[in-house]
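Below is one structure, written out as structure tokens, with a few remarks after it.
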Amino acid sequence: EELSMNSLGLDDSGDVDSGTRAALVAKRKNDAIQAGTAQLSFRSIRDAVEEAKDGDRILILRGIHNTGGTTIFVNKRILIRSEGTLEETTIDHRGNSPIFRLTRSAVLQNINIDMTGFRESVFVYGGPEVSPVIEHCKFTCSGDGAISVAGRANPVVRRCEIASCKKVGLKLFEQARGEYVDLRITSCQQQAVKLMERSSGKFYNCSFTKNEEEGVVVMDAAEAVLRDCVVAKNSGPGADVSGKGKIAAENCQIEGNVGGLWLWDSAKAVVSESTIEGGTSHVILADGDSLPRVVSCTVEGMIQATEEAWEGICMETNTLIEPLKSVELPPESGPFHFEPVWYERKQ
């Protein structure tokens, strides 16, 4: 950004010749840069991030910004945000690597990301000290998912929208953590959220709707906590928990899906003060050694459960509503088609 003469302590009188004036401007500008008080312009977001220092702010101007297919490595405590409304500034990334790799506690704000490629838009990785904030952003990805969190990273994702992704909207694996607040995930071709391995996530006031497979999948030894969330109109079960996975839901609405709460293997679920409805399939399916505990809930639809699992469902505080018509397990097609690819689908 060009610095004015007055900001450099010079006046506009004719007492200083042009050569001296240019030299003084260059010196004062260099002094401002060294002192960290100048605003600089860069041709790309990547260049700005590479030159930035901890505590710097990067403002993305209105328009469409093409990354040239290169990944932006964010390993500094910086703020990256766009000006104007969310629709006025777009990062258009075409490549087979994430747009952002976050390995420090940086902040992304007010950014619209349009991703074309076979990787997620944002990849967060690192130890528990890596706690970036992703706020008021929008993600679309035509070849993969939107956000992947790995390692032991612990991000905060707030007031974001994920739509029309080729695969999973949000994926957590390894020992990833995080809090996800006011997150909207819709129209993804696989699950809205998938937690794998030993990951865990807390979801507050989130909405997972109209996805082509399950709303929430918890597998392996992963754990999920949902509070004040809506899981609706997905083409698979609202929540599918397998392995040693655990899910806790409070004041949630799980309705209009192809199945409500489905538990397999040694999975566990605690659901309270929620509404669960099965759509065209079973509202609760508890197989194997799974153990649901449903308290103060309205449960509408057919239940299929083991004798031990029934004890956790037939609580006096629950309202059980029989289905208006008989339901059955869905056919082995679409989201229920078996594909023996580990970690691509629940087996």
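Chain labels follow the order of the structure tokens: the first chain is A, the next B, and so on; residue numbering restarts at 1 in every chain, and ligands are counted from 1 in their shown order.
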
Range 35-269 of chain A: residues DSSP assigns to alpha helix (DSSP H), reported as a list in words: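 Of range 35-269 of chain A, only Ala35, Ile45, Arg46, Asp47, Ala48, Val49, Glu50 and Glu51 of chain A fall in alpha helix (DSSP H).
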
Excluding same-chain residues fewer than 3 positions from range 277-292 of chain A, what lies within 7 Å of it counting only C-alpha atoms, as a PyMOL selection string? chain A and resi 254-270+299-306+309+312-313+327-330

Serialized selection, N, CA and C atoms, as an mmCIF file, in the first residue's frame:
```
data_model
loop_
_atom_site.group_PDB
_atom_site.id
_atom_site.type_symbol
_atom_site.label_atom_id
_atom_site.label_comp_id
_atom_site.auth_asym_id
_atom_site.auth_seq_id
_atom_site.Cartn_x
_atom_site.Cartn_y
_atom_site.Cartn_z
ATOM 1 N N ILE A 254 -33.390 -35.780 15.832
ATOM 2 C CA ILE A 254 -32.927 -36.731 14.823
ATOM 3 C C ILE A 254 -34.175 -37.246 14.120
ATOM 4 N N GLU A 255 -34.442 -36.739 12.936
ATOM 5 C CA GLU A 255 -35.722 -37.050 12.298
ATOM 6 C C GLU A 255 -35.626 -36.929 10.784
ATOM 7 N N GLY A 256 -36.488 -37.693 10.114
ATOM 8 C CA GLY A 256 -36.562 -37.620 8.660
ATOM 9 C C GLY A 256 -35.416 -38.282 7.935
ATOM 10 N N ASN A 257 -34.612 -39.054 8.649
ATOM 11 C CA ASN A 257 -33.508 -39.784 8.024
ATOM 12 C C ASN A 257 -33.980 -41.194 7.658
ATOM 13 N N VAL A 258 -33.129 -41.966 7.022
ATOM 14 C CA VAL A 258 -33.425 -43.382 6.785
ATOM 15 C C VAL A 258 -32.838 -44.158 7.963
ATOM 16 N N GLY A 259 -33.552 -44.127 9.067
ATOM 17 C CA GLY A 259 -33.057 -44.685 10.315
ATOM 18 C C GLY A 259 -32.706 -43.577 11.285
ATOM 19 N N GLY A 260 -32.848 -43.875 12.572
ATOM 20 C CA GLY A 260 -32.557 -42.860 13.587
ATOM 21 C C GLY A 260 -31.198 -43.058 14.208
ATOM 22 N N LEU A 261 -31.130 -43.803 15.321
ATOM 23 C CA LEU A 261 -29.892 -44.080 16.035
ATOM 24 C C LEU A 261 -29.567 -45.565 15.874
ATOM 25 N N TRP A 262 -28.483 -45.853 15.188
ATOM 26 C CA TRP A 262 -28.087 -47.240 14.934
ATOM 27 C C TRP A 262 -26.763 -47.527 15.619
ATOM 28 N N LEU A 263 -26.746 -48.619 16.394
ATOM 29 C CA LEU A 263 -25.565 -48.994 17.172
ATOM 30 C C LEU A 263 -25.146 -50.409 16.804
ATOM 31 N N TRP A 264 -23.833 -50.602 16.703
ATOM 32 C CA TRP A 264 -23.273 -51.895 16.322
ATOM 33 C C TRP A 264 -22.135 -52.273 17.276
ATOM 34 N N ASP A 265 -21.771 -53.535 17.258
ATOM 35 C CA ASP A 265 -20.595 -54.016 17.993
ATOM 36 C C ASP A 265 -20.721 -53.670 19.478
ATOM 37 N N SER A 266 -19.733 -52.941 20.015
ATOM 38 C CA SER A 266 -19.747 -52.566 21.434
ATOM 39 C C SER A 266 -20.004 -51.070 21.618
ATOM 40 N N ALA A 267 -20.714 -50.476 20.680
ATOM 41 C CA ALA A 267 -20.972 -49.036 20.734
ATOM 42 C C ALA A 267 -21.883 -48.687 21.911
ATOM 43 N N LYS A 268 -21.760 -47.437 22.377
ATOM 44 C CA LYS A 268 -22.597 -46.953 23.471
ATOM 45 C C LYS A 268 -23.176 -45.590 23.106
ATOM 46 N N ALA A 269 -24.381 -45.345 23.586
ATOM 47 C CA ALA A 269 -25.047 -44.070 23.320
ATOM 48 C C ALA A 269 -25.816 -43.626 24.548
ATOM 49 N N VAL A 270 -25.751 -42.342 24.847
ATOM 50 C CA VAL A 270 -26.558 -41.733 25.904
ATOM 51 C C VAL A 270 -27.307 -40.567 25.261
ATOM 52 N N VAL A 299 -39.532 -41.080 21.232
ATOM 53 C CA VAL A 299 -38.981 -42.045 20.276
ATOM 54 C C VAL A 299 -40.130 -42.536 19.403
ATOM 55 N N GLU A 300 -40.082 -42.210 18.112
ATOM 56 C CA GLU A 300 -41.174 -42.547 17.206
ATOM 57 C C GLU A 300 -40.670 -43.488 16.114
ATOM 58 N N GLY A 301 -41.216 -44.692 16.090
ATOM 59 C CA GLY A 301 -40.836 -45.649 15.059
ATOM 60 C C GLY A 301 -40.567 -47.023 15.642
ATOM 61 N N MET A 302 -40.131 -47.914 14.777
ATOM 62 C CA MET A 302 -39.877 -49.296 15.170
ATOM 63 C C MET A 302 -38.490 -49.436 15.773
ATOM 64 N N ILE A 303 -38.414 -50.215 16.860
ATOM 65 C CA ILE A 303 -37.151 -50.443 17.566
ATOM 66 C C ILE A 303 -36.759 -51.908 17.414
ATOM 67 N N GLN A 304 -35.511 -52.109 17.067
ATOM 68 C CA GLN A 304 -34.963 -53.469 17.023
ATOM 69 C C GLN A 304 -33.728 -53.494 17.903
ATOM 70 N N ALA A 305 -33.789 -54.255 18.984
ATOM 71 C CA ALA A 305 -32.700 -54.220 19.957
ATOM 72 C C ALA A 305 -32.593 -55.559 20.672
ATOM 73 N N THR A 306 -31.412 -55.813 21.208
ATOM 74 C CA THR A 306 -31.211 -56.997 22.043
ATOM 75 C C THR A 306 -31.921 -56.796 23.374
ATOM 76 N N ALA A 309 -30.148 -54.305 25.515
ATOM 77 C CA ALA A 309 -30.289 -52.936 25.011
ATOM 78 C C ALA A 309 -31.675 -52.374 25.309
ATOM 79 N N GLY A 312 -32.191 -50.188 28.408
ATOM 80 C CA GLY A 312 -31.796 -48.784 28.369
ATOM 81 C C GLY A 312 -32.718 -47.908 27.553
ATOM 82 N N ILE A 313 -33.698 -48.524 26.882
ATOM 83 C CA ILE A 313 -34.626 -47.763 26.041
ATOM 84 C C ILE A 313 -35.974 -47.579 26.728
ATOM 85 N N VAL A 327 -41.896 -50.960 8.977
ATOM 86 C CA VAL A 327 -40.656 -50.561 8.311
ATOM 87 C C VAL A 327 -39.737 -51.764 8.260
ATOM 88 N N GLU A 328 -38.694 -51.662 7.473
ATOM 89 C CA GLU A 328 -37.734 -52.743 7.354
ATOM 90 C C GLU A 328 -36.364 -52.153 7.094
ATOM 91 N N LEU A 329 -35.356 -52.994 7.183
ATOM 92 C CA LEU A 329 -34.015 -52.529 6.878
ATOM 93 C C LEU A 329 -33.940 -52.147 5.408
ATOM 94 N N PRO A 330 -33.235 -51.084 5.079
ATOM 95 C CA PRO A 330 -33.181 -50.639 3.684
ATOM 96 C C PRO A 330 -32.440 -51.643 2.810
#
```

May I have the residues within 6 Å of Thr71 in chain A as a PyMOL selection string, using only C-alpha atoms and disregarding those fewer than 4 positions away in the same chain? chain A and resi 98-100

Would you kindly return, as an mmCIF file with N, CA, C and O atoms, in the first residue's frame, each protein, DNA or RNA residue with an atom no farther than 10 Å from any atom of Lys76 in chain A, considering only C-alpha atoms and excluding same-chain residues fewer than 4 positions away?
```
data_model
loop_
_atom_site.group_PDB
_atom_site.id
_atom_site.type_symbol
_atom_site.label_atom_id
_atom_site.label_comp_id
_atom_site.auth_asym_id
_atom_site.auth_seq_id
_atom_site.Cartn_x
_atom_site.Cartn_y
_atom_site.Cartn_z
ATOM 1 N N VAL A 49 1.408 -14.807 3.606
ATOM 2 C CA VAL A 49 1.604 -15.692 4.763
ATOM 3 C C VAL A 49 3.089 -15.950 4.995
ATOM 4 O O VAL A 49 3.564 -15.966 6.143
ATOM 5 N N GLU A 50 3.839 -16.151 3.922
ATOM 6 C CA GLU A 50 5.270 -16.420 4.072
ATOM 7 C C GLU A 50 6.014 -15.232 4.677
ATOM 8 O O GLU A 50 6.988 -15.410 5.417
ATOM 9 N N ALA A 52 4.590 -12.952 6.682
ATOM 10 C CA ALA A 52 3.966 -12.534 7.941
ATOM 11 C C ALA A 52 4.739 -13.040 9.153
ATOM 12 O O ALA A 52 5.471 -14.037 9.094
ATOM 13 N N LYS A 53 4.546 -12.340 10.252
ATOM 14 C CA LYS A 53 5.110 -12.730 11.536
ATOM 15 C C LYS A 53 3.965 -12.950 12.518
ATOM 16 O O LYS A 53 2.831 -12.525 12.289
ATOM 17 N N ASP A 54 4.264 -13.621 13.620
ATOM 18 C CA ASP A 54 3.242 -13.850 14.642
ATOM 19 C C ASP A 54 2.575 -12.529 15.020
ATOM 20 O O ASP A 54 3.251 -11.527 15.294
ATOM 21 N N GLY A 55 1.256 -12.539 15.045
ATOM 22 C CA GLY A 55 0.508 -11.346 15.408
ATOM 23 C C GLY A 55 0.066 -10.503 14.237
ATOM 24 O O GLY A 55 -0.728 -9.574 14.412
ATOM 25 N N ASP A 56 0.538 -10.811 13.023
ATOM 26 C CA ASP A 56 0.152 -10.030 11.843
ATOM 27 C C ASP A 56 -1.259 -10.378 11.394
ATOM 28 O O ASP A 56 -1.778 -11.468 11.667
ATOM 29 N N LEU A 102 -3.044 -26.031 8.416
ATOM 30 C CA LEU A 102 -2.915 -25.266 9.656
ATOM 31 C C LEU A 102 -2.184 -26.091 10.698
ATOM 32 O O LEU A 102 -2.665 -27.145 11.117
ATOM 33 N N THR A 103 -1.010 -25.616 11.106
ATOM 34 C CA THR A 103 -0.228 -26.306 12.132
ATOM 35 C C THR A 103 0.093 -25.392 13.311
ATOM 36 O O THR A 103 0.928 -25.732 14.140
ATOM 37 N N ARG A 104 -0.535 -24.225 13.368
ATOM 38 C CA ARG A 104 -0.432 -23.315 14.510
ATOM 39 C C ARG A 104 -1.817 -22.779 14.836
ATOM 40 O O ARG A 104 -2.760 -22.967 14.085
ATOM 41 N N SER A 105 -1.931 -22.058 15.906
ATOM 42 C CA SER A 105 -3.225 -21.512 16.327
ATOM 43 C C SER A 105 -3.507 -20.208 15.607
ATOM 44 O O SER A 105 -3.536 -19.127 16.208
ATOM 45 N N ALA A 106 -3.723 -20.325 14.304
ATOM 46 C CA ALA A 106 -4.068 -19.173 13.475
ATOM 47 C C ALA A 106 -5.581 -18.982 13.469
ATOM 48 O O ALA A 106 -6.334 -19.778 14.044
ATOM 49 N N VAL A 107 -6.038 -17.925 12.782
ATOM 50 C CA VAL A 107 -7.467 -17.628 12.686
ATOM 51 C C VAL A 107 -7.818 -17.412 11.213
ATOM 52 O O VAL A 107 -7.167 -16.629 10.520
#
```

Using only C-alpha atoms, I'd like a table of the residues in range 151-192 of chain A that come within 7 Å of range 115-127 of chain A; for each, show the closest atom pair and its distance in Å rounded to one decimal, ordered by chain and ascending number, as CSV.
```
residue,atom,partner,partner_atom,distance
A:Gly151,CA,A:Gly126,CA,5.2
A:Arg152,CA,A:Gly127,CA,4.6
A:Ala153,CA,A:Gly126,CA,5.0
```

Restricting the output to all heavy atoms, write the selected residues as a PDB file, in the first residue's frame.
```pdb
ATOM      1  N   GLY A 151      -3.907 -35.809  14.013  1.00  0.00           N
ATOM      2  CA  GLY A 151      -2.964 -35.638  15.113  1.00  0.00           C
ATOM      3  C   GLY A 151      -3.731 -35.506  16.414  1.00  0.00           C
ATOM      4  O   GLY A 151      -4.651 -36.278  16.699  1.00  0.00           O
ATOM      5  N   ARG A 152      -3.376 -34.495  17.186  1.00  0.00           N
ATOM      6  CA  ARG A 152      -4.099 -34.177  18.425  1.00  0.00           C
ATOM      7  C   ARG A 152      -4.580 -32.729  18.389  1.00  0.00           C
ATOM      8  O   ARG A 152      -4.788 -32.093  19.422  1.00  0.00           O
ATOM      9  CB  ARG A 152      -3.202 -34.417  19.636  1.00  0.00           C
ATOM     10  CG  ARG A 152      -2.743 -35.871  19.784  1.00  0.00           C
ATOM     11  CD  ARG A 152      -1.751 -36.038  20.928  1.00  0.00           C
ATOM     12  NE  ARG A 152      -2.373 -35.747  22.207  1.00  0.00           N
ATOM     13  CZ  ARG A 152      -1.692 -35.596  23.352  1.00  0.00           C
ATOM     14  NH1 ARG A 152      -0.370 -35.692  23.335  1.00  0.00           N
ATOM     15  NH2 ARG A 152      -2.326 -35.337  24.472  1.00  0.00           N
ATOM     16  N   ALA A 153      -4.753 -32.222  17.175  1.00  0.00           N
ATOM     17  CA  ALA A 153      -5.182 -30.834  17.002  1.00  0.00           C
ATOM     18  C   ALA A 153      -6.555 -30.621  17.630  1.00  0.00           C
ATOM     19  O   ALA A 153      -7.386 -31.533  17.702  1.00  0.00           O
ATOM     20  CB  ALA A 153      -5.206 -30.475  15.526  1.00  0.00           C
TER      21      ALA A 153
END
```

Counting only C-alpha atoms, figure out which residue out of A:Leu79, A:Ile134, A:Ala146, A:Val157 gets nearest to Gln189 in chain A.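 Looking at the shortest contact to Gln189 in chain A, the residue is A:Ala146.
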
CA of Arg158 in chain A to CA of Gly63 in chain A: how many Å, to one decimal?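 Interatomic distance, CA of Arg158 in chain A to CA of Gly63 in chain A: 23.6 Å.
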
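Among A:Ile247, A:Val225, A:Ile185, A:Ala192, the residue with the shortest atom-to-atom distance to Tyr204 in chain A, counting only C-alpha atoms, is A:Val225.
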
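Among A:Ile64, A:Cys297, A:Ala224, A:Cys188, the residue with the shortest atom-to-atom distance to Ser142 in chain A, counting only C-alpha atoms, is A:Cys188.
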